[in-house]
Each structure stands twice: as C-alpha cells, then as structure tokens.
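Chemist: What follows is coords_25.txt, made up of compact mmCIF, C-alpha atoms:
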```txt
# COMPACT_ATOMS: atom_id res chain seq x y z
CA MET A 769 0.00 0.00 0.00
CA LYS A 770 1.34 3.41 -0.97
CA ASN A 771 1.53 6.20 1.63
CA LYS A 772 -0.66 9.13 0.62
CA SER A 773 1.03 12.54 1.09
CA PHE A 774 -0.07 16.14 0.57
CA THR A 775 0.90 17.84 -2.65
CA LEU A 776 2.57 21.25 -2.60
CA ILE A 777 -0.63 22.92 -3.81
CA GLU A 778 -2.65 21.30 -1.02
CA LEU A 779 -0.13 22.49 1.56
CA LEU A 780 -0.27 26.03 0.18
CA VAL A 781 -4.07 26.00 0.32
CA VAL A 782 -3.95 24.90 3.98
CA ILE A 783 -1.42 27.65 4.80
CA VAL A 784 -3.58 30.29 3.12
CA ILE A 785 -6.69 29.12 5.04
CA ILE A 786 -4.77 29.22 8.32
CA GLY A 787 -3.51 32.71 7.46
CA ILE A 788 -7.02 33.96 6.71
CA LEU A 789 -8.37 32.53 9.97
CA ALA A 790 -5.49 34.07 11.93
CA GLY A 791 -6.16 37.46 10.30
CA VAL A 792 -9.85 37.29 11.19
CA ILE A 793 -8.98 36.42 14.79
CA MET A 794 -6.44 39.29 15.00
CA ILE A 795 -8.88 41.84 13.55
CA SER A 796 -11.58 40.69 15.93
CA THR A 797 -9.17 40.83 18.88
CA SER A 798 -7.85 44.25 17.81
CA SER A 799 -11.38 45.58 17.54
CA SER A 800 -12.17 44.29 21.02
CA ILE A 801 -8.99 45.84 22.41
CA ASN A 802 -9.80 49.21 20.78
CA LYS A 803 -13.33 49.13 22.17
CA ALA A 804 -11.98 48.24 25.59
CA SER A 805 -9.44 51.09 25.42
CA ILE A 806 -12.14 53.58 24.45
CA ALA A 807 -14.34 52.34 27.28
CA LYS A 808 -11.45 52.71 29.74
CA LEU A 809 -10.83 56.29 28.54
CA LYS A 810 -14.46 57.18 29.09
CA VAL A 811 -14.48 55.62 32.56
CA PHE A 812 -11.27 57.45 33.45
CA GLU A 813 -12.62 60.79 32.22
CA GLU A 814 -15.80 60.30 34.24
CA SER A 815 -13.79 59.39 37.34
CA VAL A 816 -11.66 62.53 36.95
CA ALA A 817 -14.75 64.68 36.58
CA ASN A 818 -16.42 63.05 39.58
CA ASP A 819 -13.32 63.53 41.73
CA LEU A 820 -13.44 67.25 41.00
CA ALA A 821 -17.21 67.70 41.15
CA ALA A 822 -17.02 69.89 44.23
CA ASN A 823 -14.56 72.30 42.61
CA MET A 824 -15.57 72.51 38.96
CA VAL A 825 -17.48 75.70 38.16
CA SER A 826 -18.01 75.43 34.42
CA ARG A 827 -17.00 73.29 31.47
CA TRP A 828 -17.51 74.08 27.80
CA LYS A 829 -16.80 70.91 25.79
CA LEU A 830 -17.68 72.61 22.47
CA ASP A 831 -19.04 69.29 21.20
CA GLY A 832 -21.25 70.84 18.54
CA ASP A 833 -22.86 73.34 20.92
CA PHE A 834 -21.95 76.01 23.48
CA THR A 835 -23.61 74.63 26.58
CA ASP A 836 -21.93 74.65 29.97
CA SER A 837 -21.99 70.91 30.70
CA TRP A 838 -21.23 71.45 34.39
CA GLY A 839 -22.62 74.81 35.49
CA ASN A 840 -25.25 77.29 34.33
CA SER A 841 -23.20 79.52 32.04
CA ASN A 842 -24.30 78.41 28.58
CA GLY A 843 -22.55 80.27 25.81
CA THR A 844 -24.09 82.38 23.08
CA ASN A 845 -22.47 81.86 19.70
CA ASN A 846 -21.08 84.77 17.74
CA GLY A 847 -19.94 83.16 14.50
CA VAL A 848 -17.94 80.19 15.87
CA THR A 849 -18.03 77.02 13.78
CA PHE A 850 -17.05 73.45 14.67
CA SER A 851 -14.34 71.12 13.42
CA SER A 852 -14.73 67.36 13.07
CA GLU A 853 -13.66 64.78 15.64
CA SER A 854 -10.55 63.84 13.67
CA GLN A 855 -9.18 67.34 14.35
CA CYS A 856 -10.24 67.63 17.99
CA ILE A 857 -9.75 66.21 21.46
CA SER A 858 -13.21 64.72 21.74
CA VAL A 859 -16.28 64.71 19.46
CA GLN A 860 -15.87 68.29 18.11
CA CYS A 861 -14.09 71.55 18.94
CA GLY A 862 -14.56 75.25 18.34
CA ASN A 863 -13.04 76.80 15.21
CA PHE A 864 -12.17 80.45 15.86
CA ASN A 865 -11.27 82.63 12.88
CA GLY A 866 -9.85 85.68 14.66
CA ALA A 867 -13.16 87.56 14.61
CA ASN A 868 -15.69 85.26 16.31
CA TYR A 869 -16.26 84.38 19.96
CA ILE A 870 -18.53 82.86 22.62
CA ASP A 871 -20.35 85.00 25.19
CA CYS A 872 -20.84 83.01 28.42
CA GLY A 873 -22.84 85.68 30.25
CA ASN A 874 -22.19 87.22 33.66
CA ASN A 875 -23.17 84.35 35.94
CA ASP A 876 -21.93 85.26 39.42
CA ALA A 877 -20.40 81.78 39.82
CA LEU A 878 -17.82 82.62 37.15
CA SER A 879 -16.39 85.58 39.09
CA VAL A 880 -13.86 83.50 41.01
CA VAL A 881 -11.64 85.81 43.07
CA GLY A 882 -9.95 83.15 45.22
CA ASP A 883 -8.18 79.91 44.31
CA ILE A 884 -8.78 79.07 40.66
CA THR A 885 -7.76 76.78 37.81
CA ILE A 886 -8.41 77.53 34.15
CA SER A 887 -7.64 74.82 31.61
CA ALA A 888 -8.04 74.62 27.85
CA TRP A 889 -6.78 72.75 24.82
CA ILE A 890 -5.74 75.13 22.05
CA LYS A 891 -4.25 74.83 18.58
CA PRO A 892 -3.37 78.36 17.39
CA SER A 893 -3.33 79.07 13.67
CA THR A 894 -1.51 82.39 14.10
CA LEU A 895 0.71 83.96 16.74
CA SER A 896 0.47 87.55 15.57
CA SER A 897 -0.71 90.17 18.05
CA MET A 898 -2.93 88.96 20.91
CA GLY A 899 -5.38 86.06 21.15
CA MET A 900 -7.80 85.78 24.06
CA ILE A 901 -8.56 82.34 25.52
CA ILE A 902 -11.00 83.35 28.27
CA ARG A 903 -11.66 86.60 30.07
CA ASN A 904 -13.85 87.69 32.96
CA GLY A 905 -14.30 91.44 33.14
CA TYR A 906 -12.80 94.36 31.28
CA SER A 907 -11.23 97.24 33.22
CA ARG A 908 -11.50 95.19 36.44
CA SER A 909 -11.08 91.45 36.16
CA PRO A 910 -10.57 88.45 38.48
CA TYR A 911 -8.85 86.53 35.66
CA VAL A 912 -7.65 86.85 32.07
CA PHE A 913 -5.91 83.97 30.25
CA TYR A 914 -4.54 84.78 26.81
CA ARG A 915 -1.80 84.49 24.22
CA ILE A 916 0.31 87.46 23.16
CA ASP A 917 2.54 86.61 20.21
CA ASP A 918 4.10 83.26 21.23
CA ASP A 919 3.91 84.03 24.96
CA LEU A 920 1.20 82.91 27.36
CA GLU A 921 -0.18 85.19 30.10
CA PHE A 922 -2.44 84.84 33.15
CA TYR A 923 -3.41 88.18 34.69
CA TYR A 924 -5.92 89.80 37.02
CA THR A 925 -6.46 93.26 38.51
CA ILE A 926 -6.11 94.58 42.05
CA ASN A 927 -7.75 97.98 42.50
CA GLY A 928 -7.68 98.41 38.74
CA SER A 929 -3.95 97.68 38.44
CA TRP A 930 -2.90 94.78 36.21
CA GLY A 931 -0.40 92.11 37.20
CA GLY A 932 0.17 88.42 36.79
CA ILE A 933 2.43 85.85 35.18
CA ARG A 934 3.93 85.24 31.74
CA ALA A 935 5.50 82.20 30.05
CA TYR A 936 7.82 83.31 27.26
CA ASN A 937 8.28 81.72 23.81
CA ALA A 938 5.78 79.06 24.79
CA LEU A 939 3.70 78.38 21.67
CA SER A 940 3.91 77.46 18.00
CA THR A 941 1.22 77.36 15.33
CA ASN A 942 -0.76 74.29 14.26
CA GLN A 943 0.08 72.24 17.35
CA TRP A 944 -2.22 71.15 20.17
CA TYR A 945 -1.34 72.46 23.64
CA TYR A 946 -2.89 71.70 27.00
CA LEU A 947 -2.76 74.97 28.91
CA VAL A 948 -3.47 75.41 32.61
CA ALA A 949 -3.34 78.51 34.82
CA THR A 950 -3.65 78.20 38.61
CA ARG A 951 -3.85 80.68 41.47
CA VAL A 952 -3.76 79.64 45.13
CA PHE A 953 -3.93 81.97 48.13
CA VAL A 954 -2.39 81.85 51.58
CA GLY A 955 -4.00 84.82 53.25
CA SER A 956 -3.76 87.66 50.74
CA ASN A 957 -0.62 86.26 49.10
CA ALA A 958 -1.16 84.31 45.90
CA THR A 959 1.04 81.93 43.94
CA LEU A 960 0.34 81.95 40.21
CA LYS A 961 1.47 79.17 37.88
CA ILE A 962 1.21 78.39 34.17
CA TYR A 963 1.44 74.81 32.92
CA ILE A 964 2.03 73.93 29.28
CA ASN A 965 1.45 70.27 28.38
CA SER A 966 1.53 69.54 32.14
CA TYR A 967 4.98 71.15 32.62
CA GLU A 968 5.23 74.08 35.03
CA ALA A 969 6.36 76.80 32.63
CA SER A 970 6.25 79.77 34.99
CA SER A 971 5.52 80.63 38.63
CA ILE A 972 5.29 83.90 40.54
CA ALA A 973 4.06 85.24 43.89
CA ARG A 974 1.71 88.19 44.07
CA SER A 975 -0.18 89.79 46.96
CA GLY A 976 -3.67 91.21 46.89
CA VAL A 977 -7.17 89.88 46.25
CA PRO A 978 -8.43 90.20 42.65
CA ASP A 979 -11.08 92.73 41.70
CA TYR A 980 -14.60 91.37 41.43
CA GLY A 981 -15.71 91.23 37.79
CA ASN A 982 -19.47 91.52 37.40
CA THR A 983 -19.32 91.50 33.61
CA ASN A 984 -19.69 88.93 30.86
CA VAL A 985 -17.22 86.10 30.52
CA SER A 986 -16.09 85.56 26.95
CA ILE A 987 -14.13 82.85 25.17
CA SER A 988 -11.83 84.19 22.42
CA TYR A 989 -12.92 87.83 22.77
CA ASP A 990 -11.26 90.76 24.53
CA ASN A 991 -13.86 93.52 24.60
CA ASN A 992 -11.34 95.93 26.11
CA ALA A 993 -8.93 95.87 23.16
CA GLY A 994 -10.82 93.96 20.45
CA TYR A 995 -8.47 90.98 20.22
CA PHE A 996 -9.69 87.53 19.19
CA PHE A 997 -8.22 84.03 19.18
CA ALA A 998 -7.54 82.27 15.86
CA GLY A 999 -7.35 78.49 15.71
CA LEU A 1000 -9.02 75.57 17.46
CA MET A 1001 -10.08 75.40 21.12
CA ASP A 1002 -11.51 72.45 23.03
CA ASP A 1003 -12.72 71.50 26.52
CA ILE A 1004 -12.40 74.78 28.45
CA ARG A 1005 -12.83 74.42 32.22
CA ILE A 1006 -12.90 76.63 35.33
CA TYR A 1007 -12.42 75.36 38.89
CA ASP A 1008 -12.62 77.31 42.13
CA ALA A 1009 -9.54 75.45 43.40
CA ALA A 1010 -5.93 75.03 42.30
CA LEU A 1011 -5.44 71.59 40.74
CA SER A 1012 -2.35 69.61 41.70
CA SER A 1013 0.41 69.00 39.18
CA ALA A 1014 -0.41 65.26 39.32
CA ARG A 1015 -4.04 65.92 38.36
CA ILE A 1016 -2.95 68.25 35.55
CA LYS A 1017 -0.66 65.54 34.21
CA GLN A 1018 -3.47 62.97 34.31
CA ASP A 1019 -5.74 65.28 32.33
CA TYR A 1020 -2.99 65.90 29.79
CA ILE A 1021 -2.39 62.17 29.24
CA LEU A 1022 -6.13 61.60 28.88
CA GLY A 1023 -6.28 64.30 26.20
CA LEU A 1024 -3.30 62.79 24.37
CA ASN A 1025 -5.00 59.39 24.36
CA LEU A 1026 -8.14 60.92 22.85
CA LEU A 1027 -6.11 62.83 20.26
CA LEU A 1028 -4.36 59.63 19.20
CA LYS A 1029 -7.63 57.72 19.02
CA ASN A 1030 -9.21 60.43 16.86
CA GLY A 1031 -6.18 60.81 14.59
CA GLY A 1032 -5.42 64.32 15.82
CA ILE A 1033 -1.77 63.38 16.38
CA LEU A 1034 0.41 60.69 14.87
CA LYS A 1035 1.69 57.74 16.88
CA GLN A 1036 5.23 59.11 16.63
CA GLU A 1037 4.27 62.45 18.21
CA TYR A 1038 2.21 60.67 20.87
CA ASN A 1039 5.17 58.47 21.82
CA GLN A 1040 7.47 61.49 21.90
CA ARG A 1041 5.17 63.39 24.28
CA ILE A 1042 4.69 60.38 26.56
CA ASN A 1043 8.46 59.77 26.60
CA GLU A 1044 9.04 63.41 27.54
CA LEU A 1045 6.70 62.94 30.51
CA ALA A 1046 8.49 59.77 31.58
CA TYR A 1047 11.88 61.47 31.29
CA GLU A 1048 10.68 64.46 33.30
CA GLN A 1049 9.48 62.18 36.13
CA LYS A 1050 12.92 60.56 36.59
```
What do you get writing this file as structure tokens?
Modeler:
Amino acid sequence: MKNKSFTLIELLVVIVIIGILAGVIMISTSSSINKASIAKLKVFEESVANDLAANMVSRWKLDGDFTDSWGNSNGTNNGVTFSSESQCISVQCGNFNGANYIDCGNNDALSVVGDITISAWIKPSTLSSMGMIIRNGYSRSPYVFYRIDDDLEFYYTINGSWGGIRAYNALSTNQWYYLVATRVFVGSNATLKIYINSYEASSIARSGVPDYGNTNVSISYDNNAGYFFAGLMDDIRIYDAALSSARIKQDYILGLNLLLKNGGILKQEYNQRINELAYEQK
C-alpha cells in the first residue's frame, strides 16, 4: 500500500486558510482591544470629573454646541463654527477665525476671586498680536488667560492695576497644547502658575485679592482691546480650586490618548510626548 502525502498545492491551500483565519482572529481581537481602550478612557474621564465635582465651576466641551456641561453659564455663539472629531480632542471643537467668539454671560459663579484653575486645549493658527482664551471682566477682572505673540499670560487686577504671570516663547502654530493657569492663596498672598502640556512653565508670587468682575465672561474675545483668538479650542474648564500637578498631568495624558484615538496626532508624536513625561518624572 502506498503512503498518501499532501501535494505542494494542497499544503499552500492549507497555509492560506490558516492565514485567513489568523487574520480574522487578529482583527476581531484588535477591535475588542480598541473598544476596551475607548471604554477605559471614558471611565477614566468620568472618574476625573467626579473627583473634581465639588470644585468645577463650568465646562464648555464645544461638542457641537456652546452649553456649559457642568454649570449654568451656557454660551451664546457669535460666528464660531465646529471642526470634526478627527481634528479635535473629543467629538468636536470650536473653530475660531480671529473675529468670532462665545459669550458666556455674567453668571456670578464665574467671578472667582480666590483659588482658581483655568484649563483649555488650544491649537493656534496664528501667533500675531494677541489672542484671548478666556476673560472675565474688562477694566477690572478676576482673571484673564490669553496668548500674546508666542507668549502665554495669566493676569488679574487689584484695585484696577494689572499684574500676573507670563510664560515666554511658549507656543507654536498648528500644534495642540494643553494649557493650565492656577492661582492659590495663603492669606492675601497668591502663587500663580502656568502649565504647558503639564509642565510648570512659569511661577510667581503676588499679593492682593483680585477685583470682582461683574461683567460677561467671553471665550476668544477681549472687549477691552478687540483681540480675538484664531485656531481651534476644546474642553475649556474653570475650577474654584488650584489643581495639583499630578491631576494636571493625568488630564494631559487623557487628552493625548483621545487625540491619538481620533487621529489628531500621529503615533510618533504621541510616543514622543509620553516619553518626555516619563523622562521628566525621573
């Protein structure tokens, strides 16, 4: 009796079938992993928000509308459009053309004169002149957070006199930045800090309680001088407490993960930013 063996063609057919089955399994597994990662991101974001529930004042996600998802300071649109998810941190983001803005009203809760944190994701399209991120008040203001050329500034007034903190040569065009400004008081002495992509870029001490600003809060617009922001902005938040550097870093990593998922940054840039964080922690 002759031994029956597989021909070369039969072996190739078997290999191809095995390859196809392996590919299907890998795609299915990859899809499950991606879904699990997205679910974990959502759970993490919710846990962060819940941890800070007592201190968050307002949050404008700019996910296709101008509502305050946390407080009662819904924005009124003045020509702002929206960009798609692939360009944003999450869902959508505001597209500011240098002449449009959001009016958030003069809700008393927004006039934070004590400890405060302001955070925002921005992607400037120009660095010429001045670009407002968020401002409360005009001649007297408890906080103003803005870009002037490629510098970043966080200011407020005491008895009508301006003063604050500045981070120099901080920004470039067409790049996403996670910006945070904090102010924490011990008595009447305040420490002001600016964080850029979770790094402490500048710190200064200043004495005196900020002026109370009972005027409209605006995103992108400086009514005092007529300056507007140009570029993309996403997920703007105000807290009546100074967030820790660890919490700021967590929020930054969360935003990076969302940017990568949406295609807002390439894997190479994501790895570079994460490596920079790891190096900085050593």
Chemist: For Leu1024 in chain A, work out the shell of residues within 9 Å, counting only C-alpha atoms and skipping chain neighbours fewer than 3 positions away, then give it as a ChimeraX atom specification.
Modeler: /A:857,1019-1021,1027-1029,1032-1033,1038,1041-1042
Chemist: Sorted by chain and rising residue number, list the residues of range 843-918 of chain A at most 10 Å from range 954-966 of chain A (counting all atoms listed in the file), each with its closest atom pair and distance in Å to one decimal, as a tab-separated table.
Modeler:
```
residue	atom	partner	partner_atom	distance
A:Gly882	CA	A:Ala958	CA	8.9
A:Asp883	CA	A:Ala958	CA	8.4
A:Ile884	CA	A:Leu960	CA	9.6
A:Thr885	CA	A:Lys961	CA	9.5
A:Ile886	CA	A:Ile962	CA	9.7
A:Ser887	CA	A:Tyr963	CA	9.2
A:Trp889	CA	A:Asn965	CA	9.3
A:Phe913	CA	A:Ile962	CA	9.9
```
Chemist: Would you mind listing what lies within 9 Å of Glu853 in chain A as an mmCIF file with C-alpha atoms, keeping the file's coordinate frame, with only C-alpha atoms counted and same-chain residues fewer than 5 positions away left out?
Modeler:
```
data_model
loop_
_atom_site.group_PDB
_atom_site.id
_atom_site.type_symbol
_atom_site.label_atom_id
_atom_site.label_comp_id
_atom_site.auth_asym_id
_atom_site.auth_seq_id
_atom_site.Cartn_x
_atom_site.Cartn_y
_atom_site.Cartn_z
ATOM 1 C CA ASP A 831 -19.040 69.290 21.200
ATOM 2 C CA SER A 858 -13.210 64.720 21.740
ATOM 3 C CA VAL A 859 -16.280 64.710 19.460
ATOM 4 C CA GLN A 860 -15.870 68.290 18.110
ATOM 5 C CA CYS A 861 -14.090 71.550 18.940
ATOM 6 C CA ASN A 1030 -9.210 60.430 16.860
ATOM 7 C CA GLY A 1031 -6.180 60.810 14.590
ATOM 8 C CA GLY A 1032 -5.420 64.320 15.820
#
```
Chemist: Can you measure CA of Arg915 in chain A to CA of Gly932 in chain A for me? One decimal in Å is fine.
Modeler: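 Going from CA of Arg915 in chain A over to CA of Gly932 in chain A, I get 13.3 Å.
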Chemist: Could you jot down the CA of Phe997 in chain A to CA of Ile890 in chain A separation for me, Å, one decimal place?
Modeler: 9.7 Å
